[in-house]
Each structure stands twice: as structure tokens, then as C-alpha cells.
>>> print(open('start_27.pdb').read())   # PDB, C-alpha atoms, pLDDT in the B column
ATOM      1  CA  MET A   1      41.694  24.934 -26.196  1.00 46.00           C
ATOM      2  CA  LYS A   2      42.438  21.284 -25.527  1.00 42.00           C
ATOM      3  CA  ARG A   3      43.634  22.094 -22.013  1.00 45.00           C
ATOM      4  CA  ALA A   4      40.423  24.024 -21.320  1.00 44.00           C
ATOM      5  CA  TRP A   5      38.317  21.094 -22.554  1.00 40.00           C
ATOM      6  CA  VAL A   6      40.190  18.691 -20.262  1.00 39.00           C
ATOM      7  CA  TRP A   7      39.679  21.047 -17.323  1.00 38.00           C
ATOM      8  CA  MET A   8      35.924  21.277 -17.981  1.00 42.00           C
ATOM      9  CA  LEU A   9      35.669  17.489 -18.241  1.00 40.00           C
ATOM     10  CA  ALA A  10      37.504  17.081 -14.954  1.00 42.00           C
ATOM     11  CA  ALA A  11      35.211  19.623 -13.340  1.00 42.00           C
ATOM     12  CA  ALA A  12      32.131  17.792 -14.600  1.00 42.00           C
ATOM     13  CA  VAL A  13      33.414  14.542 -13.130  1.00 39.00           C
ATOM     14  CA  ALA A  14      34.428  16.095  -9.832  1.00 41.00           C
ATOM     15  CA  TRP A  15      31.208  17.978  -9.123  1.00 42.00           C
ATOM     16  CA  ALA A  16      27.666  16.677  -8.920  1.00 49.00           C
ATOM     17  CA  ASP A  17      24.395  18.604  -8.892  1.00 54.00           C
ATOM     18  CA  PRO A  18      23.949  21.612  -6.618  1.00 59.00           C
ATOM     19  CA  CYS A  19      22.780  21.037  -3.052  1.00 61.00           C
ATOM     20  CA  GLY A  20      19.000  20.976  -2.884  1.00 54.00           C
ATOM     21  CA  SER A  21      19.009  23.164   0.233  1.00 57.00           C
ATOM     22  CA  CYS A  22      21.513  25.937  -0.433  1.00 62.00           C
ATOM     23  CA  GLY A  23      22.558  25.527  -4.073  1.00 63.00           C
ATOM     24  CA  THR A  24      26.242  24.969  -3.349  1.00 66.00           C
ATOM     25  CA  GLU A  25      27.959  22.561  -5.740  1.00 63.00           C
ATOM     26  CA  VAL A  26      28.705  19.270  -4.008  1.00 57.00           C
ATOM     27  CA  PRO A  27      31.521  16.847  -4.918  1.00 57.00           C
ATOM     28  CA  ALA A  28      30.111  13.695  -6.497  1.00 52.00           C
ATOM     29  CA  GLU A  29      31.527  11.436  -3.801  1.00 51.00           C
ATOM     30  CA  ALA A  30      30.414  13.632  -0.889  1.00 55.00           C
ATOM     31  CA  ASN A  31      27.759  12.506   1.560  1.00 53.00           C
ATOM     32  CA  PHE A  32      27.014  16.003   2.870  1.00 57.00           C
ATOM     33  CA  CYS A  33      26.937  19.534   1.464  1.00 59.00           C
ATOM     34  CA  PRO A  34      30.206  21.287   2.442  1.00 59.00           C
ATOM     35  CA  LYS A  35      28.333  24.528   3.187  1.00 59.00           C
ATOM     36  CA  CYS A  36      25.041  23.658   4.918  1.00 56.00           C
ATOM     37  CA  GLY A  37      25.625  20.024   5.894  1.00 58.00           C
ATOM     38  CA  THR A  38      22.545  18.633   4.116  1.00 53.00           C
ATOM     39  CA  ALA A  39      22.798  14.899   3.447  1.00 52.00           C
ATOM     40  CA  THR A  40      23.325  14.286  -0.270  1.00 54.00           C
ATOM     41  CA  GLY A  41      24.405  11.642  -2.718  1.00 52.00           C
ATOM     42  CA  GLY A  42      25.625   8.416  -1.209  1.00 50.00           C
ATOM     43  CA  ALA A  43      24.359   8.910   2.330  1.00 51.00           C
ATOM     44  CA  ALA A  44      20.853   9.902   1.293  1.00 51.00           C
ATOM     45  CA  ARG A  45      20.561   7.123  -1.275  1.00 54.00           C
ATOM     46  CA  LYS A  46      21.890   4.572   1.192  1.00 56.00           C
ATOM     47  CA  LYS A  47      19.308   5.633   3.761  1.00 64.00           C
ATOM     48  CA  VAL A  48      16.485   5.269   1.236  1.00 59.00           C
ATOM     49  CA  GLU A  49      17.765   1.897   0.043  1.00 64.00           C
ATOM     50  CA  ASP A  50      18.089   0.577   3.601  1.00 69.00           C
ATOM     51  CA  ALA A  51      14.596   1.764   4.529  1.00 73.00           C
ATOM     52  CA  ALA A  52      13.104   0.250   1.371  1.00 67.00           C
ATOM     53  CA  ALA A  53      14.866  -3.057   2.002  1.00 69.00           C
ATOM     54  CA  GLU A  54      13.535  -3.178   5.563  1.00 76.00           C
ATOM     55  CA  ALA A  55      10.017  -2.338   4.379  1.00 75.00           C
ATOM     56  CA  GLU A  56      10.188  -5.027   1.694  1.00 72.00           C
ATOM     57  CA  LYS A  57      11.342  -7.542   4.309  1.00 74.00           C
ATOM     58  CA  LYS A  58       8.354  -6.724   6.513  1.00 78.00           C
ATOM     59  CA  ARG A  59       6.012  -6.912   3.508  1.00 73.00           C
ATOM     60  CA  SER A  60       7.366 -10.378   2.720  1.00 74.00           C
ATOM     61  CA  GLU A  61       6.879 -11.484   6.325  1.00 80.00           C
ATOM     62  CA  TYR A  62       3.329 -10.117   6.274  1.00 81.00           C
ATOM     63  CA  LEU A  63       2.571 -12.072   3.105  1.00 75.00           C
ATOM     64  CA  ASP A  64       3.922 -15.248   4.693  1.00 79.00           C
ATOM     65  CA  SER A  65       1.644 -14.757   7.696  1.00 85.00           C
ATOM     66  CA  LEU A  66      -1.375 -14.155   5.442  1.00 81.00           C
ATOM     67  CA  ARG A  67      -0.636 -17.288   3.425  1.00 83.00           C
ATOM     68  CA  ALA A  68      -0.393 -19.269   6.662  1.00 86.00           C
ATOM     69  CA  LEU A  69      -3.739 -17.829   7.770  1.00 87.00           C
ATOM     70  CA  LYS A  70      -5.354 -18.752   4.452  1.00 81.00           C
ATOM     71  CA  ALA A  71      -3.964 -22.287   4.712  1.00 83.00           C
ATOM     72  CA  ALA A  72      -5.404 -22.584   8.216  1.00 87.00           C
ATOM     73  CA  HIS A  73      -8.845 -21.500   6.976  1.00 82.00           C
ATOM     74  CA  ASP A  74      -8.557 -23.977   4.089  1.00 79.00           C
ATOM     75  CA  ASP A  75      -7.682 -26.786   6.488  1.00 82.00           C
ATOM     76  CA  ALA A  76     -10.629 -25.825   8.686  1.00 87.00           C
ATOM     77  CA  GLY A  77     -12.966 -25.940   5.698  1.00 82.00           C
ATOM     78  CA  ASP A  78     -13.849 -22.252   6.017  1.00 79.00           C
ATOM     79  CA  ALA A  79     -13.869 -21.326   2.324  1.00 73.00           C
ATOM     80  CA  ALA A  80     -15.411 -17.887   2.870  1.00 71.00           C
ATOM     81  CA  ARG A  81     -12.690 -16.749   5.265  1.00 77.00           C
ATOM     82  CA  ALA A  82     -10.021 -18.265   3.024  1.00 73.00           C
ATOM     83  CA  ARG A  83     -11.317 -16.191   0.095  1.00 72.00           C
ATOM     84  CA  GLU A  84     -11.269 -13.034   2.209  1.00 72.00           C
ATOM     85  CA  VAL A  85      -7.643 -13.560   3.119  1.00 74.00           C
ATOM     86  CA  ASP A  86      -6.816 -14.445  -0.485  1.00 71.00           C
ATOM     87  CA  VAL A  87      -8.159 -11.068  -1.650  1.00 67.00           C
ATOM     88  CA  LEU A  88      -5.885  -9.346   0.850  1.00 72.00           C
ATOM     89  CA  ILE A  89      -2.927 -11.478  -0.254  1.00 73.00           C
ATOM     90  CA  ARG A  90      -3.461 -10.501  -3.878  1.00 66.00           C
ATOM     91  CA  ALA A  91      -3.754  -6.838  -2.944  1.00 64.00           C
ATOM     92  CA  VAL A  92      -0.440  -6.949  -1.086  1.00 67.00           C
ATOM     93  CA  GLU A  93       1.216  -8.996  -3.839  1.00 62.00           C
ATOM     94  CA  SER A  94       0.175  -6.401  -6.406  1.00 54.00           C
ATOM     95  CA  THR A  95       2.487  -3.826  -4.833  1.00 53.00           C
ATOM     96  CA  GLU A  96       6.242  -3.624  -5.123  1.00 48.00           C
ATOM     97  CA  LEU A  97       8.487  -1.288  -3.157  1.00 47.00           C
ATOM     98  CA  ARG A  98      11.163   0.494  -5.139  1.00 42.00           C
ATOM     99  CA  ALA A  99      14.133   2.140  -3.498  1.00 39.00           C
ATOM    100  CA  GLY A 100      14.284   4.751  -6.226  1.00 38.00           C
ATOM    101  CA  GLY A 101      10.987   6.299  -5.174  1.00 33.00           C
ATOM    102  CA  GLY A 102       8.896   4.991  -8.072  1.00 30.00           C
ATOM    103  CA  ALA A 103       5.277   4.111  -7.594  1.00 30.00           C
ATOM    104  CA  PRO A 104       4.697   0.647  -6.153  1.00 32.00           C
ATOM    105  CA  GLY A 105       2.696  -1.865  -8.085  1.00 43.00           C
ATOM    106  CA  THR A 106       2.113  -3.223 -11.518  1.00 38.00           C
ATOM    107  CA  GLY A 107       2.041   0.000 -13.501  1.00 41.00           C
ATOM    108  CA  VAL A 108       4.486   1.507 -15.903  1.00 43.00           C
ATOM    109  CA  ARG A 109       5.050   5.143 -15.085  1.00 44.00           C
ATOM    110  CA  GLY A 110       5.387   6.671 -18.553  1.00 51.00           C
ATOM    111  CA  GLU A 111       4.072  10.219 -18.307  1.00 70.00           C
ATOM    112  CA  ARG A 112       2.206   9.457 -15.108  1.00 83.00           C
ATOM    113  CA  LYS A 113       3.062  11.199 -11.890  1.00 90.00           C
ATOM    114  CA  SER A 114       2.539  10.994  -8.167  1.00 92.00           C
ATOM    115  CA  ILE A 115      -0.543  12.966  -7.112  1.00 95.00           C
ATOM    116  CA  LYS A 116      -1.262  13.277  -3.407  1.00 95.00           C
ATOM    117  CA  ALA A 117      -5.046  13.252  -3.744  1.00 96.00           C
ATOM    118  CA  ALA A 118      -4.887  10.127  -5.915  1.00 96.00           C
ATOM    119  CA  ASN A 119      -2.446   8.467  -3.526  1.00 95.00           C
ATOM    120  CA  ASP A 120      -4.777   9.209  -0.607  1.00 96.00           C
ATOM    121  CA  LEU A 121      -7.737   7.693  -2.447  1.00 96.00           C
ATOM    122  CA  PHE A 122      -5.725   4.595  -3.282  1.00 97.00           C
ATOM    123  CA  GLU A 123      -4.424   4.047   0.249  1.00 96.00           C
ATOM    124  CA  SER A 124      -7.903   4.592   1.686  1.00 96.00           C
ATOM    125  CA  ALA A 125      -9.341   2.051  -0.764  1.00 96.00           C
ATOM    126  CA  LYS A 126      -6.693  -0.510   0.168  1.00 94.00           C
ATOM    127  CA  LEU A 127      -7.518   0.014   3.838  1.00 93.00           C
ATOM    128  CA  TYR A 128     -11.192  -0.736   3.222  1.00 94.00           C
ATOM    129  CA  MET A 129     -10.224  -3.763   1.124  1.00 92.00           C
ATOM    130  CA  SER A 130      -8.173  -5.210   3.971  1.00 89.00           C
ATOM    131  CA  THR A 131     -11.206  -5.993   6.122  1.00 79.00           C
ATOM    132  CA  ILE A 132     -11.688  -9.631   7.109  1.00 74.00           C
ATOM    133  CA  ASN A 133     -14.904  -9.014   9.050  1.00 81.00           C
ATOM    134  CA  PRO A 134     -17.685 -10.720   7.038  1.00 82.00           C
ATOM    135  CA  ALA A 135     -20.325  -8.377   8.460  1.00 86.00           C
ATOM    136  CA  ARG A 136     -18.559  -5.325   7.037  1.00 89.00           C
ATOM    137  CA  ARG A 137     -17.003  -6.827   3.965  1.00 88.00           C
ATOM    138  CA  ARG A 138     -19.607  -5.939   1.346  1.00 90.00           C
ATOM    139  CA  GLY A 139     -19.980  -2.377   2.593  1.00 93.00           C
ATOM    140  CA  ASN A 140     -16.247  -1.815   2.853  1.00 94.00           C
ATOM    141  CA  PHE A 141     -15.620  -3.272  -0.586  1.00 94.00           C
ATOM    142  CA  ASN A 142     -18.242  -0.964  -2.080  1.00 94.00           C
ATOM    143  CA  ILE A 143     -16.613   2.036  -0.395  1.00 96.00           C
ATOM    144  CA  ALA A 144     -13.221   0.925  -1.710  1.00 96.00           C
ATOM    145  CA  ALA A 145     -14.668   0.550  -5.210  1.00 96.00           C
ATOM    146  CA  ASP A 146     -16.094   4.076  -5.057  1.00 97.00           C
ATOM    147  CA  LYS A 147     -12.692   5.468  -4.115  1.00 97.00           C
ATOM    148  CA  LEU A 148     -10.902   3.574  -6.874  1.00 98.00           C
ATOM    149  CA  ARG A 149     -13.445   4.698  -9.468  1.00 97.00           C
ATOM    150  CA  GLU A 150     -13.012   8.287  -8.301  1.00 97.00           C
ATOM    151  CA  LEU A 151      -9.252   7.940  -8.679  1.00 97.00           C
ATOM    152  CA  ILE A 152      -9.587   6.502 -12.188  1.00 97.00           C
ATOM    153  CA  GLU A 153     -12.061   9.139 -13.358  1.00 97.00           C
ATOM    154  CA  THR A 154     -10.429  12.155 -11.717  1.00 97.00           C
ATOM    155  CA  TYR A 155      -6.710  11.405 -11.953  1.00 96.00           C
ATOM    156  CA  PRO A 156      -6.023   9.402 -15.148  1.00 95.00           C
ATOM    157  CA  GLU A 157      -2.454  10.751 -15.147  1.00 95.00           C
ATOM    158  CA  SER A 158      -1.753   9.305 -11.682  1.00 95.00           C
ATOM    159  CA  ASP A 159       0.949   6.682 -11.288  1.00 94.00           C
ATOM    160  CA  LYS A 160      -1.610   4.685  -9.279  1.00 95.00           C
ATOM    161  CA  ILE A 161      -3.951   4.272 -12.233  1.00 96.00           C
ATOM    162  CA  VAL A 162      -2.912   0.729 -13.193  1.00 94.00           C
ATOM    163  CA  GLU A 163      -3.065  -0.481  -9.603  1.00 94.00           C
ATOM    164  CA  ALA A 164      -6.466   1.159  -9.242  1.00 96.00           C
ATOM    165  CA  HIS A 165      -7.866  -0.827 -12.178  1.00 96.00           C
ATOM    166  CA  TYR A 166      -6.276  -4.029 -10.851  1.00 95.00           C
ATOM    167  CA  ASN A 167      -7.672  -3.639  -7.348  1.00 95.00           C
ATOM    168  CA  LEU A 168     -11.077  -2.658  -8.700  1.00 96.00           C
ATOM    169  CA  GLY A 169     -11.006  -5.927 -10.628  1.00 96.00           C
ATOM    170  CA  LEU A 170     -10.210  -7.797  -7.407  1.00 94.00           C
ATOM    171  CA  ILE A 171     -13.230  -6.209  -5.751  1.00 95.00           C
ATOM    172  CA  TYR A 172     -15.586  -6.936  -8.655  1.00 96.00           C
ATOM    173  CA  GLN A 173     -14.550 -10.602  -8.813  1.00 94.00           C
ATOM    174  CA  ASP A 174     -15.352 -11.137  -5.138  1.00 88.00           C
ATOM    175  CA  GLY A 175     -18.358 -13.373  -4.576  1.00 75.00           C
ATOM    176  CA  MET A 176     -20.118 -10.834  -2.355  1.00 79.00           C
ATOM    177  CA  ILE A 177     -19.867  -8.147  -5.038  1.00 83.00           C
ATOM    178  CA  ASP A 178     -20.571 -10.492  -7.968  1.00 87.00           C
ATOM    179  CA  ARG A 179     -19.691  -8.190 -10.872  1.00 94.00           C
ATOM    180  CA  TYR A 180     -17.668 -10.631 -12.909  1.00 96.00           C
ATOM    181  CA  GLU A 181     -17.990  -8.937 -16.295  1.00 96.00           C
ATOM    182  CA  ASP A 182     -16.810  -5.685 -14.759  1.00 96.00           C
ATOM    183  CA  ALA A 183     -13.884  -7.546 -13.190  1.00 96.00           C
ATOM    184  CA  VAL A 184     -12.841  -8.870 -16.598  1.00 97.00           C
ATOM    185  CA  ARG A 185     -13.073  -5.361 -18.012  1.00 97.00           C
ATOM    186  CA  GLU A 186     -10.821  -3.969 -15.277  1.00 97.00           C
ATOM    187  CA  PHE A 187      -8.238  -6.736 -15.670  1.00 96.00           C
ATOM    188  CA  ASP A 188      -8.228  -6.172 -19.425  1.00 96.00           C
ATOM    189  CA  ARG A 189      -7.686  -2.478 -18.792  1.00 96.00           C
ATOM    190  CA  VAL A 190      -4.612  -3.333 -16.718  1.00 94.00           C
ATOM    191  CA  LYS A 191      -3.251  -5.302 -19.662  1.00 91.00           C
ATOM    192  CA  GLU A 192      -3.931  -2.412 -22.031  1.00 92.00           C
ATOM    193  CA  LEU A 193      -2.231   0.145 -19.810  1.00 92.00           C
ATOM    194  CA  ASP A 194       0.691  -2.031 -18.807  1.00 86.00           C
ATOM    195  CA  PRO A 195       1.127  -5.019 -21.153  1.00 79.00           C
ATOM    196  CA  GLY A 196       4.650  -5.748 -19.988  1.00 72.00           C
ATOM    197  CA  THR A 197       4.053  -6.242 -16.268  1.00 64.00           C
ATOM    198  CA  SER A 198       0.330  -6.731 -15.828  1.00 66.00           C
ATOM    199  CA  GLY A 199       0.599  -8.966 -12.774  1.00 76.00           C
ATOM    200  CA  ASP A 200      -2.095 -11.619 -12.434  1.00 89.00           C
ATOM    201  CA  SER A 201      -4.627  -9.700 -14.513  1.00 94.00           C
ATOM    202  CA  ARG A 202      -4.477 -12.121 -17.458  1.00 94.00           C
ATOM    203  CA  ILE A 203      -4.943 -15.307 -15.433  1.00 95.00           C
ATOM    204  CA  LEU A 204      -7.670 -13.769 -13.273  1.00 95.00           C
ATOM    205  CA  ALA A 205      -9.676 -12.658 -16.311  1.00 97.00           C
ATOM    206  CA  ALA A 206      -9.223 -16.065 -17.941  1.00 97.00           C
ATOM    207  CA  LYS A 207     -10.457 -17.895 -14.846  1.00 97.00           C
ATOM    208  CA  ILE A 208     -13.523 -15.679 -14.612  1.00 97.00           C
ATOM    209  CA  VAL A 209     -14.672 -16.296 -18.190  1.00 97.00           C
ATOM    210  CA  ASP A 210     -13.883 -19.981 -17.644  1.00 97.00           C
ATOM    211  CA  ARG A 211     -16.219 -20.075 -14.636  1.00 96.00           C
ATOM    212  CA  LEU A 212     -18.852 -18.219 -16.650  1.00 96.00           C
ATOM    213  CA  GLY A 213     -18.807 -21.059 -19.168  1.00 95.00           C
ATOM    214  CA  ARG A 214     -17.285 -19.149 -22.076  1.00 96.00           C
ATOM    215  CA  LEU A 215     -14.866 -21.950 -22.796  1.00 96.00           C
ATOM    216  CA  GLN A 216     -13.565 -20.812 -26.182  1.00 96.00           C
ATOM    217  CA  GLU A 217     -12.783 -17.365 -24.814  1.00 97.00           C
ATOM    218  CA  ALA A 218     -11.183 -18.911 -21.745  1.00 97.00           C
ATOM    219  CA  TYR A 219      -9.087 -21.193 -23.948  1.00 97.00           C
ATOM    220  CA  ASP A 220      -7.828 -18.189 -25.914  1.00 96.00           C
ATOM    221  CA  ARG A 221      -7.169 -16.165 -22.785  1.00 97.00           C
ATOM    222  CA  TYR A 222      -5.139 -18.994 -21.271  1.00 97.00           C
ATOM    223  CA  ALA A 223      -3.024 -18.937 -24.435  1.00 96.00           C
ATOM    224  CA  ASP A 224      -2.387 -15.251 -23.766  1.00 94.00           C
ATOM    225  CA  VAL A 225      -1.289 -16.164 -20.238  1.00 94.00           C
ATOM    226  CA  VAL A 226       1.126 -18.787 -21.559  1.00 94.00           C
ATOM    227  CA  GLU A 227       2.617 -16.317 -24.013  1.00 92.00           C
ATOM    228  CA  HIS A 228       2.887 -13.205 -21.854  1.00 90.00           C
ATOM    229  CA  ASP A 229       2.621 -13.979 -18.131  1.00 87.00           C
ATOM    230  CA  GLY A 230       5.935 -13.885 -16.296  1.00 82.00           C
ATOM    231  CA  ASN A 231       4.663 -16.016 -13.408  1.00 87.00           C
ATOM    232  CA  VAL A 232       5.689 -19.649 -13.952  1.00 90.00           C
ATOM    233  CA  ARG A 233       2.891 -20.930 -11.735  1.00 91.00           C
ATOM    234  CA  ASN A 234       0.280 -19.059 -13.776  1.00 92.00           C
ATOM    235  CA  VAL A 235       1.768 -20.312 -17.039  1.00 94.00           C
ATOM    236  CA  GLU A 236       1.774 -23.948 -15.929  1.00 95.00           C
ATOM    237  CA  TRP A 237      -1.777 -23.666 -14.635  1.00 95.00           C
ATOM    238  CA  ALA A 238      -2.937 -22.135 -17.917  1.00 96.00           C
ATOM    239  CA  LYS A 239      -1.234 -24.859 -19.951  1.00 96.00           C
ATOM    240  CA  ALA A 240      -2.892 -27.590 -17.895  1.00 96.00           C
ATOM    241  CA  ARG A 241      -6.310 -25.968 -18.144  1.00 97.00           C
ATOM    242  CA  ARG A 242      -6.001 -25.598 -21.919  1.00 97.00           C
ATOM    243  CA  VAL A 243      -5.406 -29.340 -22.166  1.00 96.00           C
ATOM    244  CA  GLN A 244      -8.585 -29.944 -20.154  1.00 96.00           C
ATOM    245  CA  LEU A 245     -10.571 -27.573 -22.359  1.00 96.00           C
ATOM    246  CA  GLU A 246      -9.383 -28.929 -25.701  1.00 95.00           C
ATOM    247  CA  PRO A 247     -12.157 -31.570 -26.071  1.00 93.00           C
ATOM    248  CA  HIS A 248     -14.728 -28.759 -25.782  1.00 88.00           C
ATOM    249  CA  ILE A 249     -13.071 -26.389 -28.241  1.00 86.00           C
ATOM    250  CA  ARG A 250     -13.895 -26.203 -31.924  1.00 75.00           C
ATOM    251  CA  LYS A 251     -10.785 -26.502 -34.037  1.00 64.00           C
TER     252      LYS A 251
END
>>> encode(input="start_27.pdb", output="C-alpha cells")
Amino acid sequence: MKRAWVWMLAAAVAWADPCGSCGTEVPAEANFCPKCGTATGGAARKKVEDAAAEAEKKRSEYLDSLRALKAAHDDAGDAARAREVDVLIRAVESTELRAGGGAPGTGVRGERKSIKAANDLFESAKLYMSTINPARRRGNFNIAADKLRELIETYPESDKIVEAHYNLGLIYQDGMIDRYEDAVREFDRVKELDPGTSGDSRILAAKIVDRLGRLQEAYDRYADVVEHDGNVRNVEWAKARRVQLEPHIRK
């Protein structure tokens, strides 16, 4: 009996899952199925990891170029164009590529799943959000908002749901859309759905209510940023703003 148990343990170690193409058992260390030649295990994972690393590198380079463009608009005194580019920067920053095939972005997956129709709506919305043409901006943002709302209402189980709320908040907070209360609601929804990694949703909501003159609420929201936000820059900004607000806050 003991010998049989040892043999089964050795077999479990030596063999991995069946080949996805032909069903033949494949040795754990093998890169290809011994029967049909399908890439498996190490080779397939390595290919995915390399592709994801290259994509992440290009995303980082793209962000650097956008930040340089925003700085140029700031230096030129073109605040409107700078805000347009900033929206695009935040949209790109809100995504994160994962070599393991998980959904990009700020959301926790939980029971959520990848749904093609939802993914298509999300990617289409992001495309409309990327416009930097002032003449088309309002119209494109409204189209993007419609697509994100459709995603949220139709596919609540999608792994894009948190990102959809976040990007809808970005649209609502834009000066040409001017739906600040709705933006706060969307950013709060991000926090509810994904309290652990909610991106910039806390600081963005706090800044909005601050601009709206609700200083006590802003003061409290900045405290939430200090306590929960993982971005050091956001935390330091929130701390400094709380100090500025203290003379106006009832103790």
C-alpha cells in the first residue's frame, strides 16, 4: 500500500494537466505536447509574459509622452487642452496589464468574468474618451458615457464593471459635461465595489466636493484618502489640504 501511494505521488508530480488540444497527459516540465506538439506549460506562459511585458513597456512610454504633452500645454497656458490630455492620462493610468490574463484595471475580479459584449462596449467607450479634438469632445464623451452606462446596466457581472464606473466618473467630472454630483456617485461606487484598490477614486471625489464648497465633507473625504489610498502623492496632497481646511471646519 505504501509503495502504491509513493508511486501515485510521483505520478502526480511528474504529470501536469492534459493537453488542451488532444487530451494527452503532458509532463509538468514539458513545453510541448508529446503527441500533437501544442505549446504548453513553460513555453506558453513565457510567451504570454513576454508579450505582456512588452505591452506594459509601450503603455509606460505612451503615458510619458502624454505627460510631456500635458506639460507643454500647461507651459503654453492652454488649460483646456491640458485638461483634455489629463483625462486621457487618467484613463490610461486606470488600466493595468496582467500577464496571467486577468482583467486590466482597478477592479477585483471576485465572481466577475470576462464578457465579450461588455469588453467591446468598454473598449469602444475608451476610444471615444481618447479624443483631443475640442469640437468633438462633448459629443464623444456623451457617446462614451452611454456605452459605459449600458455596460453597467446590462453586464453587472463583467470584470470591467469597476473600470466602467471609474471612467464614467472621469467623464462626468469633465468641465464640458459638468455632472459633478454624478461623478462623485460613480467614484464612490468604485470604492464600494473595490475598496482595496480603488485607484484615484477617493481623491477625485474629495476634490470635487471641495470645489463645490462642501468643506466639511471634503475634509472627511481627505481623511479617507489618507487612511486608504495607496498613492503617496495623493496621501500627501490630502494631508496638506486638510491642514488648509481646518480653520473652516467645526470641531
>>> atom_distance(input="start_27.pdb", atom1="atom CA of Ala117 of chain A", atom2="atom CA of Tyr180 of chain A")
28.5 Å
>>> closest_residue(input="start_27.pdb", among="A:Asp174, A:Glu217, A:Glu56, A:Glu157", to="Ser114 of chain A", atoms="all atoms listed in the file")
A:Glu157
>>> resolve_selection(input="start_27.pdb", expression="the PyMOL selection byres ((chain A and resi 235-243) around 12)", output="PyMOL selection string")
chain A and resi 200+202-207+210+215-234+244-249
>>> atom_distance(input="start_27.pdb", atom1="atom CA of Lys160 of chain A", atom2="atom CA of Ala82 of chain A")
27.4 Å
>>> residues_around(input="start_27.pdb", residues="Leu151 of chain A", least_positions_apart="5", cutoff="9 Å", atoms="all atoms listed in the file", output="ChimeraX atom specification")
/A:117-119,121-122,146,156,158,160-161,164
>>> closest_residue(input="start_27.pdb", among="A:Tyr166, A:Arg179, A:Leu212, A:Lys57", to="Asp194 of chain A", atoms="only C-alpha atoms")
A:Tyr166
>>> resolve_selection(input="start_27.pdb", expression="the PyMOL selection byres ((chain A and resi 130) around 12)", output="JSON, numbers by chain")
{"A": [66, 84, 85, 86, 87, 88, 89, 90, 91, 92, 123, 124, 125, 126, 127, 128, 129, 131, 132, 133, 134, 136, 137, 138, 140, 141, 143, 144, 167, 170, 171]}
>>> residues_around(input="start_27.pdb", residues="Gln173 of chain A", least_positions_apart="3", cutoff="9 Å", atoms="only C-alpha atoms", output="number ranges by chain")
A: 168-170, 176-184, 204, 208
>>> atom_distance(input="start_27.pdb", atom1="atom CA of His165 of chain A", atom2="atom CA of Lys58 of chain A")
25.4 Å
>>> axis_aligned_box(input="start_27.pdb", around="segment 61-71 of chain A", padding_each_side="6 Å", output="AutoDock Vina command-line options")
--center_x 0.8 --center_y -16.2 --center_z 5.4 --size_x 24.2 --size_y 24.2 --size_z 16.7
>>> closest_residue(input="start_27.pdb", among="A:Ala55, A:Val209, A:Val162, A:Ala68", to="Leu193 of chain A", atoms="all atoms listed in the file")
A:Val162
